[in-house]
Amino acid sequence: MKPFQGIRLFQHLLADCLHCCRPHRSPSLVKRVGHMTALSSLRYKYLLSTVKPALSFNDWPRRYHQDFRALWGHETVRKYLETLKEEFQQVNQLLISGSMNEYDRSILSRRHTHLSTLVATLQEIKEAKREVQELEAMCADLDSKDEQQLLELALEEKEIINQKINTFWKKIFHSIVPWDKHDESNVILEVTTGRTTGGDICQQFTREVFEMYQNYAAYKRWTFEILNYTPNGYGGLHHATAYILGDCVYRYLKYEGGIHRVQRIPEFGLSSRMQRIHSGTMSVIVLPLPGETDFKVHPKDLQIDTFKAKGAGGQHVNSTDSAVRITHIPSGLAVECQQKRSQKLNKEIALQTLRTKLYQQVMEKDLSQMENARKLQLGTRDQSERIRTYNFCQDRVTDHRISYDVRNIKEFLCGQGELDKLINMLLEFADMEALIQHLENINSLEKER
Amino acid sequence: MRLLINSSCRQLLGLLNCCEGKGVSSAKWSVLNPHLLLLRQNFSAKVTAAELVRYWRGVFEANKIPEAQESSEYIVSYVLGAKTFHSLSAGSLFTPLTAEQQQQVRQLSAKRLQRMPVQYVLGEWDFGELTLKMRPPVFIPRPETEDLVSLVLQEESQRSVSPLLNVGHRCSTAVPHSVILEIGCGSGAIALSLLSKLPESQVIAVDKKEAAVNLTRENAERLQLQDRIRILHYDVSSGSWDKLLPWGPVDTIVSNPPYVFHGDMSHLAEEILSYEDLDALDGGNDGMRVIKKILALAPCVLKDNGSVFLEVDPRHTEMVENWLRSHPDLSLSVTATHKDFFGKLRFLHIQKHKAGDSSCKNGFACPNMHLP
């Protein structure tokens, strides 16, 4: 499956919508122009767009094999774009009329910027389409041999414009896809070795995967800070945690969480009897780091332990022991940090880790939260929930969610282009899924009214 | 590997410790060398970071060197190009060290065996986010002082948000360029941390010791902060202060003055007594010798409502308050006290009243709040 097939399909459907939009004018929003109703519905939509619709990978194989045309065909997309265009006009008028308070105005103008780029892009697509039609008409007239060269030029130009249209559609697709509220967050990445049928392939594989993400972070110019690293003889890795800080880290890594399976012949440490293909697993957990404002920890609930300051402290003592241990008294949760020479920095890191863990606990307790990142990623540690298989014997990586194969394991584990390609593909499919659900939600809300 | 920890060796090394003076004694070297040879034989050419840390911890423990584990970890990590053992990558944990690296670890550990502080052994240490050069005898900044910097930064951020504090002057537009004076800059830790966090501010850093002035200058240049700092060789007890005002009166004075009571000096660890400049610690009989000098100077160089931030001994908080009350002519009073990491009263925030504010002259109307 080619990555942009979805986009092209999308383009096709939206193109239809542009041609026949006039008679389809949706009566729902525009007709009720009363300021209050319009404002409240806009406010509602603003809220809706910040909430991520539940997205379950369990549905993927089913969805994936469905005909996309059927998914796009139920008019939701077309209708949605139409309402967006109308909403733009409406927002425009509201902003001009100017009778509203500051809060509403700030929401409206944000919405206005968002919509205006969208409408502008739709307009550009319309113009590009017209150019293509003109070129086609011209080509139809060119048939004699003398005009052969001209024809080639025309076809070339047509191809360029088509590509341009493609990128426009992609832009629209990305701007109406609902964003996960954590997408821009930094993450905490945990790798843990899992079960195996033989040897130390799990530990070795865990190390390789951890290094893959370390390389990927470098590839994306993110900061990769190792928080703890528990090695396990023979250069294997039992467990490790790292912070990854940078631009939209959670967005790119959120679908890496889950069970990764490995199939290979152990390299050492086993008798010849065991020299056959074994399979094992390791798990990856990717959690968004809560921002300062997302989650507050009361200082009085914390017990901070550092080296035992003898007597007076201050100038009286010169200690190099900068390790910090913080215990959250109500929950008994404790974290330690000795990554830095500076005690203050160790304290800051420990506090951040603690906050993440507490935040995680709160999230887990919150049953109303339909989607629980950790649960989704970790599953029940059952091999059947693996997201990806690394088959060393066949030199192949398979992502089970989109049935995609990569041929060169070594290159894939370098954590550069190949991994990036797969991650982007996963994102595109997930975005598509999210968009459909988002639109379905809006649709059902409309019906309720 | 474990040879050194067996009792006979410990006795031997213990004996050595007793007769060892400061400096390299030739006797010590001649006895230590066989063990170094043993190390080489045991590990042949292959010794990993983890093994080396364990070995040197044993040597340090046998020699009763404090923080044996930490010292050993820091030295090995430093040679491998990392700041802490926990930040070493898995690769470097399991890769054998080269002969040169092992040699370097040996040289550094030999210094530590003579009770040299780890910060001087490595020649650098971290203060907050900065890595600073450390060189004996210039005072090594303590972790508590990182909080002193945070307090000043907090005050600066409040000042920039509310220019109303300066109602007296009508020039709220000129506020952001604050000028900070640090007295007793040592390695430059406080001054340079402030400069790195306050891109609009300027700092005058003074110290009475040439070695400290030079080290602060080197650190400023390493961190490329030399353009906003004026580093002066100046003694606060000299009495004149014209030198301190190249940019006019200052907004804030910050200092970690010597505050150890003279009577406590003999109880300090050997690392401090043998290597650090004791003038940077010894505060005289009441620990207030330099504190008083700073407070006497403060009204002359501070703007109205300017602040003094001091790191002190927990006993000093009350002593300073009383002393200021008995010196109303200084127009200074303690507005807040803050605790350090360990819950000890460690920091004083003192403010200057507006000149001619008679209500403060008698020393009764000054707010004396104790903030936890």
# chains A, B, ... in the order shown; residues from 1 in each chain; ligands from 1
>>> residues_around(residues="Glu208 (chain A)", least_positions_apart="6", cutoff="12 Å", atoms="only C-alpha atoms", output="MDAnalysis selection string")
(chainID A and resid 191:193 201:202 214:215 235:238 240 260 262 282 390 409:415) or (chainID B and resid 90:91)
>>> write_last_selection(atoms="C-alpha atoms", output="compact mmCIF listing (two decimals), in the first residue's frame")
# COMPACT_ATOMS: atom_id res chain seq x y z
CA VAL A 191 11.74 -0.14 27.36
CA THR A 192 11.46 -3.42 29.23
CA THR A 193 12.65 -6.80 28.19
CA ILE A 201 17.75 -12.55 22.66
CA CYS A 202 15.26 -10.38 24.53
CA GLN A 214 18.19 7.10 20.63
CA ASN A 215 19.32 7.33 17.01
CA GLY A 235 25.78 -6.23 26.72
CA GLY A 236 22.02 -6.75 26.95
CA LEU A 237 19.49 -4.40 28.47
CA HIS A 238 16.87 -5.28 31.04
CA ALA A 240 15.75 1.64 30.58
CA HIS A 260 7.69 -5.61 19.78
CA VAL A 262 11.83 -10.54 17.76
CA MET A 282 10.07 -6.49 24.62
CA TYR A 390 11.52 -8.07 13.74
CA ILE A 409 16.44 -4.77 9.57
CA LYS A 410 19.88 -3.30 10.09
CA GLU A 411 18.96 -0.08 8.39
CA PHE A 412 15.64 0.02 10.22
CA LEU A 413 17.36 -0.35 13.59
CA CYS A 414 19.61 2.59 12.72
CA GLY A 415 16.54 4.64 13.57
CA ALA B 90 25.78 1.26 28.04
CA GLY B 91 28.44 1.10 25.38
>>> closest_residue(among="A:Ile436, A:Ala242, A:Ile277, A:Val286", to="Gln394 (chain A)", atoms="only C-alpha atoms")
A:Ile277
>>> select_by_dssp(residues="region 140-320 of chain A", states="alpha helix (DSSP H)", output="NGL selection string")
:A and (140-141 or 148-176 or 201-219 or 249-253)
>>> closest_atom_pairs(of="chain A", to="chain B", cutoff="6 Å", atoms="only C-alpha atoms", output="Markdown table")
| residue | atom | partner | partner_atom | distance |
| --- | --- | --- | --- | --- |
| A:Gln339 | CA | B:His86 | CA | 5.4 |
| A:Arg341 | CA | B:Asp126 | CA | 5.8 |
| A:Ser342 | CA | B:Gly128 | CA | 5.6 |
>>> residues_around(residues="Tyr404 (chain A)", least_positions_apart="5", cutoff="9 Å", atoms="only C-alpha atoms", output="list in words")
Met1, Val397, Thr398, Asp399 and Leu422 of chain A
>>> write_last_selection(atoms="all heavy atoms", output="JSON list (two decimals), in the first residue's frame")
[["chain", "number", "residue", "atom", "x", "y", "z"],
["A", 1, "MET", "N", 0.85, -1.21, 0.00],
["A", 1, "MET", "CA", 0.00, 0.00, 0.00],
["A", 1, "MET", "C", 0.87, 1.24, 0.00],
["A", 1, "MET", "O", 1.75, 1.40, 0.84],
["A", 1, "MET", "CB", -0.89, -0.05, 1.25],
["A", 1, "MET", "CG", -1.69, 1.21, 1.52],
["A", 1, "MET", "SD", -2.84, 1.70, 0.25],
["A", 1, "MET", "CE", -4.15, 0.53, 0.51],
["A", 397, "VAL", "N", 11.15, -6.49, 8.85],
["A", 397, "VAL", "CA", 10.37, -5.91, 9.94],
["A", 397, "VAL", "C", 8.93, -5.78, 9.45],
["A", 397, "VAL", "O", 8.70, -5.23, 8.37],
["A", 397, "VAL", "CB", 10.89, -4.52, 10.35],
["A", 397, "VAL", "CG1", 10.03, -3.93, 11.46],
["A", 397, "VAL", "CG2", 12.34, -4.59, 10.79],
["A", 398, "THR", "N", 7.96, -6.30, 10.21],
["A", 398, "THR", "CA", 6.57, -6.21, 9.80],
["A", 398, "THR", "C", 5.78, -5.43, 10.83],
["A", 398, "THR", "O", 5.82, -5.77, 12.02],
["A", 398, "THR", "CB", 5.93, -7.61, 9.67],
["A", 398, "THR", "OG1", 6.76, -8.40, 8.85],
["A", 398, "THR", "CG2", 4.54, -7.53, 9.08],
["A", 399, "ASP", "N", 5.09, -4.39, 10.42],
["A", 399, "ASP", "CA", 4.19, -3.70, 11.33],
["A", 399, "ASP", "C", 2.81, -4.30, 11.13],
["A", 399, "ASP", "O", 2.22, -4.21, 10.05],
["A", 399, "ASP", "CB", 4.18, -2.20, 11.07],
["A", 399, "ASP", "CG", 3.56, -1.46, 12.24],
["A", 399, "ASP", "OD1", 2.31, -1.56, 12.41],
["A", 399, "ASP", "OD2", 4.29, -0.84, 13.00],
["A", 422, "LEU", "N", 8.13, 4.61, 8.23],
["A", 422, "LEU", "CA", 7.07, 3.81, 8.82],
["A", 422, "LEU", "C", 6.24, 4.64, 9.81],
["A", 422, "LEU", "O", 5.01, 4.57, 9.81],
["A", 422, "LEU", "CB", 7.66, 2.58, 9.52],
["A", 422, "LEU", "CG", 6.66, 1.68, 10.26],
["A", 422, "LEU", "CD1", 5.58, 1.19, 9.31],
["A", 422, "LEU", "CD2", 7.38, 0.50, 10.88]]
>>> atom_distance(atom1="CA of Ile176 (chain A)", atom2="CA of Val119 (chain A)")
11.5 Å
>>> residues_around(residues="Val249 (chain A)", least_positions_apart="4", cutoff="7 Å", atoms="only C-alpha atoms", output="ChimeraX atom specification")
/A:184-187,245,253
>>> write_last_selection(atoms="N, CA, C and O atoms", output="short mmCIF file (atom, residue, chain, number, x, y, z; two decimals), in the first residue's frame")
data_model
loop_
_atom_site.label_atom_id
_atom_site.label_comp_id
_atom_site.auth_asym_id
_atom_site.auth_seq_id
_atom_site.Cartn_x
_atom_site.Cartn_y
_atom_site.Cartn_z
N GLU A 184 2.11 17.80 21.12
CA GLU A 184 3.32 18.62 21.16
C GLU A 184 4.17 18.35 22.40
O GLU A 184 5.21 18.97 22.59
N SER A 185 3.71 17.42 23.23
CA SER A 185 4.42 17.16 24.49
C SER A 185 5.76 16.46 24.27
O SER A 185 5.96 15.78 23.26
N ASN A 186 6.62 16.63 25.27
CA ASN A 186 7.81 15.79 25.36
C ASN A 186 7.37 14.44 25.89
O ASN A 186 6.26 14.31 26.39
N VAL A 187 8.22 13.44 25.79
CA VAL A 187 7.78 12.12 26.25
C VAL A 187 8.78 11.48 27.20
O VAL A 187 9.94 11.87 27.29
N LEU A 245 13.05 15.16 24.51
CA LEU A 245 12.53 16.52 24.49
C LEU A 245 12.73 17.10 23.09
O LEU A 245 13.79 16.94 22.51
N LEU A 253 6.06 9.55 18.34
CA LEU A 253 6.40 8.30 19.02
C LEU A 253 5.20 7.56 19.61
O LEU A 253 5.33 6.44 20.08
#
>>> residues_around(residues="region 222-235 of chain B", least_positions_apart="6", cutoff="12 Å", atoms="only C-alpha atoms", output="compact mmCIF listing (two decimals) with N, CA and C atoms, in the first residue's frame")
# COMPACT_ATOMS: atom_id res chain seq x y z
N GLU B 124 37.04 20.85 37.40
CA GLU B 124 35.77 21.47 36.99
C GLU B 124 34.64 20.92 37.84
N GLU B 129 23.14 24.90 35.81
CA GLU B 129 23.35 24.40 34.46
C GLU B 129 24.75 24.69 33.92
N LEU B 130 25.57 25.40 34.70
CA LEU B 130 26.89 25.79 34.20
C LEU B 130 27.97 24.80 34.65
N THR B 131 28.95 24.59 33.77
CA THR B 131 30.13 23.84 34.17
C THR B 131 31.25 24.85 34.35
N LEU B 132 31.83 24.87 35.55
CA LEU B 132 32.83 25.89 35.88
C LEU B 132 34.17 25.25 36.17
N LYS B 133 35.22 25.98 35.81
CA LYS B 133 36.57 25.55 36.16
C LYS B 133 36.75 25.70 37.66
N HIS B 177 17.20 46.75 32.61
CA HIS B 177 18.65 46.62 32.72
C HIS B 177 19.08 46.72 34.17
N SER B 178 18.89 45.69 34.93
CA SER B 178 19.28 45.77 36.33
C SER B 178 20.79 45.54 36.45
N VAL B 179 21.35 46.13 37.50
CA VAL B 179 22.77 45.96 37.77
C VAL B 179 22.90 45.23 39.10
N ILE B 180 23.68 44.16 39.11
CA ILE B 180 23.84 43.35 40.31
C ILE B 180 25.31 43.36 40.73
N LEU B 181 25.53 43.52 42.04
CA LEU B 181 26.90 43.49 42.57
C LEU B 181 27.08 42.21 43.37
N GLU B 182 28.12 41.43 43.03
CA GLU B 182 28.41 40.26 43.86
C GLU B 182 29.70 40.48 44.64
N ILE B 183 29.63 40.31 45.94
CA ILE B 183 30.82 40.51 46.77
C ILE B 183 31.38 39.15 47.18
N GLY B 184 32.63 38.91 46.81
CA GLY B 184 33.28 37.62 47.10
C GLY B 184 32.86 36.59 46.06
N CYS B 185 33.29 36.80 44.80
CA CYS B 185 32.73 36.00 43.70
C CYS B 185 33.36 34.60 43.60
N GLY B 186 34.56 34.40 44.16
CA GLY B 186 35.18 33.07 44.09
C GLY B 186 35.37 32.60 42.66
N SER B 187 34.73 31.47 42.32
CA SER B 187 34.86 30.93 40.96
C SER B 187 33.92 31.64 39.98
N GLY B 188 33.05 32.51 40.48
CA GLY B 188 32.13 33.23 39.61
C GLY B 188 30.78 32.55 39.49
N ALA B 189 30.53 31.50 40.30
CA ALA B 189 29.32 30.68 40.16
C ALA B 189 28.04 31.52 40.20
N ILE B 190 27.89 32.36 41.24
CA ILE B 190 26.65 33.12 41.38
C ILE B 190 26.51 34.12 40.25
N ALA B 191 27.57 34.93 40.05
CA ALA B 191 27.52 35.99 39.05
C ALA B 191 27.20 35.43 37.67
N LEU B 192 27.88 34.35 37.30
CA LEU B 192 27.71 33.82 35.94
C LEU B 192 26.36 33.13 35.77
N SER B 193 25.86 32.48 36.85
CA SER B 193 24.52 31.89 36.76
C SER B 193 23.48 32.98 36.53
N LEU B 194 23.63 34.08 37.26
CA LEU B 194 22.67 35.18 37.11
C LEU B 194 22.73 35.75 35.70
N LEU B 195 23.94 35.96 35.20
CA LEU B 195 24.07 36.52 33.85
C LEU B 195 23.47 35.60 32.80
N SER B 196 23.66 34.29 32.99
CA SER B 196 23.16 33.37 31.96
C SER B 196 21.64 33.32 31.97
N LYS B 197 21.02 33.64 33.12
CA LYS B 197 19.56 33.59 33.19
C LYS B 197 18.92 34.96 32.96
N LEU B 198 19.72 36.03 33.07
CA LEU B 198 19.16 37.38 32.94
C LEU B 198 19.87 38.10 31.79
N PRO B 199 19.41 37.87 30.56
CA PRO B 199 20.15 38.38 29.41
C PRO B 199 20.24 39.90 29.33
N GLU B 200 19.42 40.61 30.15
CA GLU B 200 19.43 42.06 30.08
C GLU B 200 20.30 42.68 31.17
N SER B 201 20.72 41.86 32.13
CA SER B 201 21.36 42.43 33.30
C SER B 201 22.88 42.50 33.17
N GLN B 202 23.47 43.31 34.07
CA GLN B 202 24.92 43.41 34.13
C GLN B 202 25.36 43.11 35.55
N VAL B 203 26.55 42.55 35.68
CA VAL B 203 27.03 42.17 37.01
C VAL B 203 28.41 42.75 37.25
N ILE B 204 28.61 43.26 38.48
CA ILE B 204 29.95 43.63 38.93
C ILE B 204 30.34 42.58 39.95
N ALA B 205 31.42 41.84 39.68
CA ALA B 205 31.83 40.78 40.60
C ALA B 205 33.17 41.17 41.21
N VAL B 206 33.24 41.18 42.55
CA VAL B 206 34.50 41.55 43.19
C VAL B 206 34.97 40.46 44.15
N ASP B 207 36.28 40.37 44.30
CA ASP B 207 36.85 39.45 45.28
C ASP B 207 38.17 40.04 45.74
N LYS B 208 38.52 39.77 46.99
CA LYS B 208 39.77 40.36 47.48
C LYS B 208 40.98 39.52 47.11
N LYS B 209 40.75 38.32 46.58
CA LYS B 209 41.86 37.45 46.20
C LYS B 209 42.07 37.46 44.69
N GLU B 210 43.31 37.66 44.30
CA GLU B 210 43.68 37.68 42.89
C GLU B 210 43.28 36.35 42.20
N ALA B 211 43.52 35.21 42.89
CA ALA B 211 43.24 33.89 42.30
C ALA B 211 41.76 33.78 41.94
N ALA B 212 40.88 34.30 42.82
CA ALA B 212 39.45 34.23 42.56
C ALA B 212 39.08 35.11 41.38
N VAL B 213 39.63 36.33 41.35
CA VAL B 213 39.35 37.25 40.25
C VAL B 213 39.73 36.61 38.92
N ASN B 214 40.91 35.98 38.89
CA ASN B 214 41.36 35.36 37.64
C ASN B 214 40.46 34.19 37.23
N LEU B 215 40.05 33.38 38.22
CA LEU B 215 39.22 32.21 37.89
C LEU B 215 37.85 32.66 37.40
N THR B 216 37.28 33.67 38.04
CA THR B 216 35.99 34.19 37.57
C THR B 216 36.11 34.67 36.14
N TRP B 241 34.29 53.04 47.85
CA TRP B 241 33.37 52.28 47.01
C TRP B 241 33.17 52.88 45.61
N ASP B 242 33.93 53.92 45.30
CA ASP B 242 33.77 54.57 43.97
C ASP B 242 33.95 53.55 42.85
N LYS B 243 34.90 52.62 43.08
CA LYS B 243 35.21 51.61 42.08
C LYS B 243 34.00 50.76 41.70
N LEU B 244 33.07 50.64 42.67
CA LEU B 244 31.95 49.72 42.48
C LEU B 244 30.82 50.32 41.66
N LEU B 245 30.95 51.58 41.28
CA LEU B 245 29.79 52.22 40.64
C LEU B 245 30.06 52.63 39.19
N PRO B 246 30.61 51.75 38.37
CA PRO B 246 30.83 52.15 36.97
C PRO B 246 29.51 52.39 36.25
N TRP B 247 28.44 51.75 36.72
CA TRP B 247 27.13 51.91 36.08
C TRP B 247 26.15 52.59 37.03
N VAL B 290 32.60 39.72 57.83
CA VAL B 290 32.41 40.25 56.49
C VAL B 290 30.96 40.67 56.26
N LYS B 293 30.59 44.19 57.21
CA LYS B 293 31.23 45.09 56.23
C LYS B 293 30.31 45.29 55.03
N ILE B 294 29.70 44.18 54.59
CA ILE B 294 28.81 44.26 53.41
C ILE B 294 27.61 45.14 53.73
N LEU B 297 28.41 48.75 53.79
CA LEU B 297 28.66 49.29 52.44
C LEU B 297 27.35 49.43 51.65
>>> closest_residue(among="B:Ala50, B:Leu330, B:Ile350, B:Ala336", to="Thr252 (chain B)", atoms="only C-alpha atoms")
B:Ile350
>>> select_by_dssp(residues="region 157-373 of chain A", states="strand (DSSP E or B)", output="PyMOL selection string")
chain A and resi 187-196+223-232+236-245+258-264+278-288+302-305+324-328+333-337
>>> residues_around(residues="Ser109 (chain A)", least_positions_apart="2", cutoff="12 Å", atoms="only C-alpha atoms", output="NGL selection string")
:A and (42-43 or 46 or 88 or 90-96 or 98 or 100 or 102-107 or 111-116)
>>> residues_around(residues="Val79 (chain B)", least_positions_apart="4", cutoff="9 Å", atoms="only C-alpha atoms", output="MDAnalysis selection string")
chainID B and resid 74:75 101:102 104:105
>>> write_last_selection(atoms="N, CA, C and O atoms", output="PDB file, in the first residue's frame")
ATOM      1  N   TYR B  74      32.952   9.531  39.914  1.00  0.00           N
ATOM      2  CA  TYR B  74      33.171  10.804  39.219  1.00  0.00           C
ATOM      3  C   TYR B  74      34.465  10.794  38.419  1.00  0.00           C
ATOM      4  O   TYR B  74      34.534  11.288  37.299  1.00  0.00           O
ATOM      5  N   ILE B  75      35.512  10.193  39.011  1.00  0.00           N
ATOM      6  CA  ILE B  75      36.807  10.204  38.329  1.00  0.00           C
ATOM      7  C   ILE B  75      36.753   9.358  37.061  1.00  0.00           C
ATOM      8  O   ILE B  75      37.150   9.801  35.983  1.00  0.00           O
ATOM      9  N   GLN B 101      43.640   5.886  29.295  1.00  0.00           N
ATOM     10  CA  GLN B 101      42.521   6.229  30.180  1.00  0.00           C
ATOM     11  C   GLN B 101      42.764   5.677  31.581  1.00  0.00           C
ATOM     12  O   GLN B 101      42.531   6.370  32.568  1.00  0.00           O
ATOM     13  N   GLN B 102      43.259   4.441  31.643  1.00  0.00           N
ATOM     14  CA  GLN B 102      43.543   3.853  32.956  1.00  0.00           C
ATOM     15  C   GLN B 102      44.608   4.653  33.688  1.00  0.00           C
ATOM     16  O   GLN B 102      44.523   4.893  34.886  1.00  0.00           O
ATOM     17  N   GLN B 104      45.171   7.818  33.299  1.00  0.00           N
ATOM     18  CA  GLN B 104      44.581   9.086  33.738  1.00  0.00           C
ATOM     19  C   GLN B 104      43.771   8.886  35.022  1.00  0.00           C
ATOM     20  O   GLN B 104      43.846   9.694  35.947  1.00  0.00           O
ATOM     21  N   VAL B 105      43.016   7.776  35.073  1.00  0.00           N
ATOM     22  CA  VAL B 105      42.245   7.473  36.280  1.00  0.00           C
ATOM     23  C   VAL B 105      43.195   7.334  37.463  1.00  0.00           C
ATOM     24  O   VAL B 105      42.942   7.851  38.554  1.00  0.00           O
TER      25      VAL B 105
END
